[in-house]
Amino acid sequence: MLSSEELERYSRHFLIDGWDRSCQLKLKNSCVFIAGAGGLGNPASMYLAAAGVGKIIICDMDSVELSNLNRQILYTMNDINLSKAESACTRLKGINPSSEIIPLNKKIEDAVDMISGSDLILDCLDNFTSRLFLNSVSHTNRIPMVHAGVSGYYGQLTFIIPGSTPCLNCFISENTQASSQAITGAMAGIAGSMQAIEALKFLTGTGEVLAGKLLFIDCMTMSFSTMKMTKKPGCKTCS
Ligand SMILES: [Zn+2]
C-alpha cells in the first residue's frame with residue numbers, strides 16, 4: 001500500500017506512460033546496492049532515494065576530501081574527513097525518510113553478503129580491479145548490474161544481465177585497467193543520473209534497458225553513440 005503522503009510525493013511518476021501505483025510499489029519493495037559513493041554514486045543514489053526505492057545500500061570505505069567536492073554533490077565542507085557512506089546516508093535520509101538507507105563503510109570485497117541480497121547493483125566504482133570483482137559477484141549471484149564509467153568529458157554506460165548479455169570482463173581488457181582521474185562534475189552527474197534511469201526502468205518494468213549495448217557519451221561534442229556488445233570468447237567470468 002502507498003500512503004497518502006507517498007501518493008503525493010510520487011504524483012508526477014503516475015503521469016509517466018506505464019508507471020502506475022504497482023510500479024511505485026515495486027520500487028518500494030526493491031533493494032539496490034550502490035558500489036561507490038563518489039561522482040557516480042552521489043547522483044544515482046539521490047535520484048533513487050527521491051524516486052522511492054525502498055532500500056538502498058551504499059558502500060564506500062573512503063572519507064570525503066576537498067578535491068571530491070567538484071563532483072560529489074551529496075557532500076559539503078562540513079563532511080570533509082567524515083565517512084562518505086555515513087555522510088551520504090544522512091543526506092539521502094533527508095531527501096526521502098521513507099527509504100531505508102544502509103551505509104557500509106567497507107571495501108566492496110568485504111560486502112559480498114549484502115550485495116547478494118540485492119535486486120540490482122550499480123557499479124559506481126573508480127577502479128577496474130574492484131569493478132571486475134563486482135562483476136564476478138553479479139554473475140555468480142545472477143544479479144543484474146548497471147555499469148558506468150567517466151573520464152573528463154566522456155562517459156560510458158551499459159546494463160549487464162548475467163546469463164544473457166556480455167559481462168564487464170567481456171569488454172574491459174586487462175591493459176585498459178588504469179583509471180583516469182580527470183573528471184568534470186557535470187559529466188559524472190550525467191552518467192550517474194543515467195544509471196538511476198536504467199535502475200528505475202528495470203525495477204518498475206517500464207521502458208527498455210541498455211542490455212547488451214554500450215552507450216558512449218561524448219560531452220566534448222555533445223554526441224551519443226551506441227554499439228552492440230559481444231561476449232568475449234573464453235571470458236573468465238561469463239563463458
Ligand atoms: Zn564475460
# chains A, B, ... in the order shown; residues from 1 in each chain; ligands from 1
$ closest_atom_pairs --of "segment 85-129 of chain A" --to "segment 16-32 of chain A" --cutoff "7 Å" --atoms "only C-alpha atoms" --output "JSON lines"
{"residue": "A:Ser118", "atom": "CA", "partner": "A:Cys31", "partner_atom": "CA", "distance": 5.1}
{"residue": "A:Asp119", "atom": "CA", "partner": "A:Cys31", "partner_atom": "CA", "distance": 5.4}
{"residue": "A:Leu120", "atom": "CA", "partner": "A:Val32", "partner_atom": "CA", "distance": 5.0}
{"residue": "A:Ile121", "atom": "CA", "partner": "A:Val32", "partner_atom": "CA", "distance": 5.9}
$ write_last_selection --atoms "N, CA and C atoms" --output "PDB file, in the first residue's frame"
ATOM      1  N   SER A 118      20.634  -8.171  -2.844  1.00  0.00           N
ATOM      2  CA  SER A 118      20.010  -7.025  -3.511  1.00  0.00           C
ATOM      3  C   SER A 118      19.369  -7.444  -4.838  1.00  0.00           C
ATOM      4  N   ASP A 119      18.510  -6.569  -5.373  1.00  0.00           N
ATOM      5  CA  ASP A 119      17.840  -6.830  -6.650  1.00  0.00           C
ATOM      6  C   ASP A 119      18.638  -6.314  -7.835  1.00  0.00           C
ATOM      7  N   LEU A 120      19.477  -5.328  -7.569  1.00  0.00           N
ATOM      8  CA  LEU A 120      20.215  -4.663  -8.648  1.00  0.00           C
ATOM      9  C   LEU A 120      21.477  -4.049  -8.062  1.00  0.00           C
ATOM     10  N   ILE A 121      22.551  -4.093  -8.870  1.00  0.00           N
ATOM     11  CA  ILE A 121      23.826  -3.489  -8.462  1.00  0.00           C
ATOM     12  C   ILE A 121      24.098  -2.290  -9.368  1.00  0.00           C
TER      13      ILE A 121
END
$ residues_around --residues "Ala199 of chain A" --least-positions-apart "3" --cutoff "10 Å" --atoms "only C-alpha atoms" --output "list of chain:residue names"
A:Leu27, A:Val32, A:Ala44, A:Leu48, A:Val53, A:Asp119, A:Leu120, A:Ile121, A:Leu122, A:Pro144, A:Met145, A:Val146, A:Phe159, A:Ser193, A:Met194, A:Gln195, A:Ala196, A:Phe202, A:Leu203, A:Thr204, A:Gly205, A:Val209
$ write_last_selection --atoms "C-alpha atoms" --output "JSON list (two decimals), in the first residue's frame"
[["chain", "number", "residue", "atom", "x", "y", "z"],
["A", 27, "LEU", "CA", 10.25, 0.36, -6.23],
["A", 32, "VAL", "CA", 19.62, -1.53, -4.78],
["A", 44, "ALA", "CA", 22.49, 7.87, -8.70],
["A", 48, "LEU", "CA", 16.87, 6.55, -6.45],
["A", 53, "VAL", "CA", 13.44, 2.90, -3.86],
["A", 119, "ASP", "CA", 17.84, -6.83, -6.65],
["A", 120, "LEU", "CA", 20.21, -4.66, -8.65],
["A", 121, "ILE", "CA", 23.83, -3.49, -8.46],
["A", 122, "LEU", "CA", 25.06, -0.08, -9.57],
["A", 144, "PRO", "CA", 21.86, -7.50, -12.91],
["A", 145, "MET", "CA", 24.32, -4.61, -12.84],
["A", 146, "VAL", "CA", 24.32, -1.12, -14.31],
["A", 159, "PHE", "CA", 23.18, -2.78, -18.45],
["A", 193, "SER", "CA", 21.71, 10.03, -13.46],
["A", 194, "MET", "CA", 21.59, 7.65, -16.42],
["A", 195, "GLN", "CA", 22.41, 4.77, -14.06],
["A", 196, "ALA", "CA", 19.44, 5.84, -11.93],
["A", 202, "PHE", "CA", 14.37, -2.18, -14.61],
["A", 203, "LEU", "CA", 12.75, -2.07, -11.18],
["A", 204, "THR", "CA", 9.40, -0.71, -12.35],
["A", 205, "GLY", "CA", 9.27, -2.73, -15.59],
["A", 209, "VAL", "CA", 17.20, -1.02, -20.54]]
$ residues_near_ligand --ligand "ligand 1" --cutoff "7 Å" --atoms "only C-alpha atoms and all ligand atoms" --output "count of residues only"
12
$ closest_residue --among "A:Cys89, A:Asn78, A:Glu65, A:Asn96" --to "Glu6 of chain A" --atoms "only C-alpha atoms"
A:Asn96
$ closest_atom_pairs --of "segment 84-160 of chain A" --to "segment 215-218 of chain A" --cutoff "7 Å" --atoms "only C-alpha atoms" --output "tab-separated table"
residue	atom	partner	partner_atom	distance
A:Tyr153	CA	A:Asp218	CA	6.3
A:Tyr154	CA	A:Asp218	CA	4.8
A:Gly155	CA	A:Ile217	CA	4.9
A:Gln156	CA	A:Phe216	CA	4.7
A:Leu157	CA	A:Leu215	CA	5.1
A:Thr158	CA	A:Leu215	CA	6.4
$ closest_residue --among "A:Ser180, A:Cys59, A:Ser83, A:Val64" --to "Gly152 of chain A" --atoms "only C-alpha atoms"
A:Ser180
$ closest_residue --among "A:Ala37, A:Ile160, A:Leu92, A:Met46" --to "Asn135 of chain A" --atoms "only C-alpha atoms"
A:Ile160
$ select_by_dssp --residues "segment 18-186 of chain A" --states "helix (DSSP H, G or I)" --output "ChimeraX atom specification"
/A:21-28,41-51,66-68,77-79,84-95,108-110,112-116,128-141,168-171,174-176,185-186
$ residues_around --residues "Ala188 of chain A" --least-positions-apart "3" --cutoff "6 Å" --atoms "only C-alpha atoms" --output "ChimeraX atom specification"
/A:39-40,185,191-192
$ select_by_dssp --residues "segment 25-221 of chain A" --states "strand (DSSP E)" --output "ChimeraX atom specification"
/A:31-35,55-59,100-104,120-123,145-151,154-160,213-218
$ decode --residues "segment 5-34 of chain A" --atoms "N, CA and C atoms" --output "PDB file, in the first residue's frame"
ATOM      1  N   GLU A   5       0.697  10.367   1.732  1.00  0.00           N
ATOM      2  CA  GLU A   5       1.904  11.179   1.553  1.00  0.00           C
ATOM      3  C   GLU A   5       2.731  10.669   0.373  1.00  0.00           C
ATOM      4  N   GLU A   6       2.832   9.325   0.264  1.00  0.00           N
ATOM      5  CA  GLU A   6       3.589   8.752  -0.865  1.00  0.00           C
ATOM      6  C   GLU A   6       2.898   9.045  -2.196  1.00  0.00           C
ATOM      7  N   LEU A   7       1.580   8.965  -2.195  1.00  0.00           N
ATOM      8  CA  LEU A   7       0.846   9.253  -3.438  1.00  0.00           C
ATOM      9  C   LEU A   7       1.105  10.692  -3.886  1.00  0.00           C
ATOM     10  N   GLU A   8       1.214  11.598  -2.913  1.00  0.00           N
ATOM     11  CA  GLU A   8       1.502  12.994  -3.271  1.00  0.00           C
ATOM     12  C   GLU A   8       2.961  13.157  -3.712  1.00  0.00           C
ATOM     13  N   ARG A   9       3.872  12.545  -2.943  1.00  0.00           N
ATOM     14  CA  ARG A   9       5.301  12.683  -3.243  1.00  0.00           C
ATOM     15  C   ARG A   9       5.623  12.182  -4.653  1.00  0.00           C
ATOM     16  N   TYR A  10       4.998  11.068  -5.048  1.00  0.00           N
ATOM     17  CA  TYR A  10       5.328  10.449  -6.337  1.00  0.00           C
ATOM     18  C   TYR A  10       4.303  10.765  -7.425  1.00  0.00           C
ATOM     19  N   SER A  11       3.470  11.779  -7.198  1.00  0.00           N
ATOM     20  CA  SER A  11       2.352  12.032  -8.118  1.00  0.00           C
ATOM     21  C   SER A  11       2.821  12.274  -9.557  1.00  0.00           C
ATOM     22  N   ARG A  12       3.997  12.876  -9.731  1.00  0.00           N
ATOM     23  CA  ARG A  12       4.475  13.128 -11.103  1.00  0.00           C
ATOM     24  C   ARG A  12       4.869  11.830 -11.816  1.00  0.00           C
ATOM     25  N   HIS A  13       5.237  10.793 -11.043  1.00  0.00           N
ATOM     26  CA  HIS A  13       5.548   9.498 -11.666  1.00  0.00           C
ATOM     27  C   HIS A  13       4.316   8.925 -12.365  1.00  0.00           C
ATOM     28  N   PHE A  14       3.157   9.114 -11.717  1.00  0.00           N
ATOM     29  CA  PHE A  14       1.952   8.454 -12.233  1.00  0.00           C
ATOM     30  C   PHE A  14       1.462   9.082 -13.536  1.00  0.00           C
ATOM     31  N   LEU A  15       2.128  10.157 -13.954  1.00  0.00           N
ATOM     32  CA  LEU A  15       1.808  10.779 -15.243  1.00  0.00           C
ATOM     33  C   LEU A  15       2.670  10.200 -16.363  1.00  0.00           C
ATOM     34  N   ILE A  16       3.641   9.339 -15.993  1.00  0.00           N
ATOM     35  CA  ILE A  16       4.527   8.720 -16.988  1.00  0.00           C
ATOM     36  C   ILE A  16       3.821   7.509 -17.585  1.00  0.00           C
ATOM     37  N   ASP A  17       3.934   7.349 -18.897  1.00  0.00           N
ATOM     38  CA  ASP A  17       3.310   6.202 -19.583  1.00  0.00           C
ATOM     39  C   ASP A  17       3.752   4.889 -18.937  1.00  0.00           C
ATOM     40  N   GLY A  18       2.818   4.090 -18.505  1.00  0.00           N
ATOM     41  CA  GLY A  18       3.129   2.757 -17.986  1.00  0.00           C
ATOM     42  C   GLY A  18       3.521   2.720 -16.523  1.00  0.00           C
ATOM     43  N   TRP A  19       3.643   3.893 -15.877  1.00  0.00           N
ATOM     44  CA  TRP A  19       4.080   3.927 -14.478  1.00  0.00           C
ATOM     45  C   TRP A  19       2.846   4.138 -13.581  1.00  0.00           C
ATOM     46  N   ASP A  20       2.349   3.050 -13.006  1.00  0.00           N
ATOM     47  CA  ASP A  20       1.169   3.161 -12.155  1.00  0.00           C
ATOM     48  C   ASP A  20       1.546   2.867 -10.695  1.00  0.00           C
ATOM     49  N   ARG A  21       0.551   2.735  -9.852  1.00  0.00           N
ATOM     50  CA  ARG A  21       0.834   2.519  -8.418  1.00  0.00           C
ATOM     51  C   ARG A  21       1.586   1.222  -8.182  1.00  0.00           C
ATOM     52  N   SER A  22       1.318   0.204  -9.015  1.00  0.00           N
ATOM     53  CA  SER A  22       2.016  -1.076  -8.817  1.00  0.00           C
ATOM     54  C   SER A  22       3.509  -0.914  -9.115  1.00  0.00           C
ATOM     55  N   CYS A  23       3.858  -0.055 -10.078  1.00  0.00           N
ATOM     56  CA  CYS A  23       5.278   0.215 -10.368  1.00  0.00           C
ATOM     57  C   CYS A  23       5.933   0.870  -9.155  1.00  0.00           C
ATOM     58  N   GLN A  24       5.199   1.803  -8.552  1.00  0.00           N
ATOM     59  CA  GLN A  24       5.745   2.511  -7.383  1.00  0.00           C
ATOM     60  C   GLN A  24       5.939   1.535  -6.220  1.00  0.00           C
ATOM     61  N   LEU A  25       5.002   0.596  -6.091  1.00  0.00           N
ATOM     62  CA  LEU A  25       5.140  -0.427  -5.034  1.00  0.00           C
ATOM     63  C   LEU A  25       6.342  -1.331  -5.283  1.00  0.00           C
ATOM     64  N   LYS A  26       6.590  -1.635  -6.575  1.00  0.00           N
ATOM     65  CA  LYS A  26       7.769  -2.440  -6.909  1.00  0.00           C
ATOM     66  C   LYS A  26       9.040  -1.721  -6.445  1.00  0.00           C
ATOM     67  N   LEU A  27       9.087  -0.412  -6.681  1.00  0.00           N
ATOM     68  CA  LEU A  27      10.255   0.364  -6.231  1.00  0.00           C
ATOM     69  C   LEU A  27      10.385   0.316  -4.713  1.00  0.00           C
ATOM     70  N   LYS A  28       9.241   0.464  -4.057  1.00  0.00           N
ATOM     71  CA  LYS A  28       9.244   0.483  -2.584  1.00  0.00           C
ATOM     72  C   LYS A  28       9.761  -0.842  -2.027  1.00  0.00           C
ATOM     73  N   ASN A  29       9.514  -1.928  -2.748  1.00  0.00           N
ATOM     74  CA  ASN A  29       9.929  -3.253  -2.278  1.00  0.00           C
ATOM     75  C   ASN A  29      11.290  -3.675  -2.831  1.00  0.00           C
ATOM     76  N   SER A  30      11.994  -2.744  -3.474  1.00  0.00           N
ATOM     77  CA  SER A  30      13.274  -3.087  -4.108  1.00  0.00           C
ATOM     78  C   SER A  30      14.461  -2.722  -3.226  1.00  0.00           C
ATOM     79  N   CYS A  31      15.538  -3.462  -3.466  1.00  0.00           N
ATOM     80  CA  CYS A  31      16.808  -3.162  -2.793  1.00  0.00           C
ATOM     81  C   CYS A  31      17.895  -2.976  -3.849  1.00  0.00           C
ATOM     82  N   VAL A  32      18.544  -1.824  -3.826  1.00  0.00           N
ATOM     83  CA  VAL A  32      19.620  -1.534  -4.780  1.00  0.00           C
ATOM     84  C   VAL A  32      20.932  -1.390  -4.017  1.00  0.00           C
ATOM     85  N   PHE A  33      21.950  -2.076  -4.505  1.00  0.00           N
ATOM     86  CA  PHE A  33      23.284  -1.960  -3.911  1.00  0.00           C
ATOM     87  C   PHE A  33      24.104  -0.999  -4.767  1.00  0.00           C
ATOM     88  N   ILE A  34      24.533   0.098  -4.169  1.00  0.00           N
ATOM     89  CA  ILE A  34      25.331   1.085  -4.894  1.00  0.00           C
ATOM     90  C   ILE A  34      26.780   0.952  -4.451  1.00  0.00           C
TER      91      ILE A  34
END
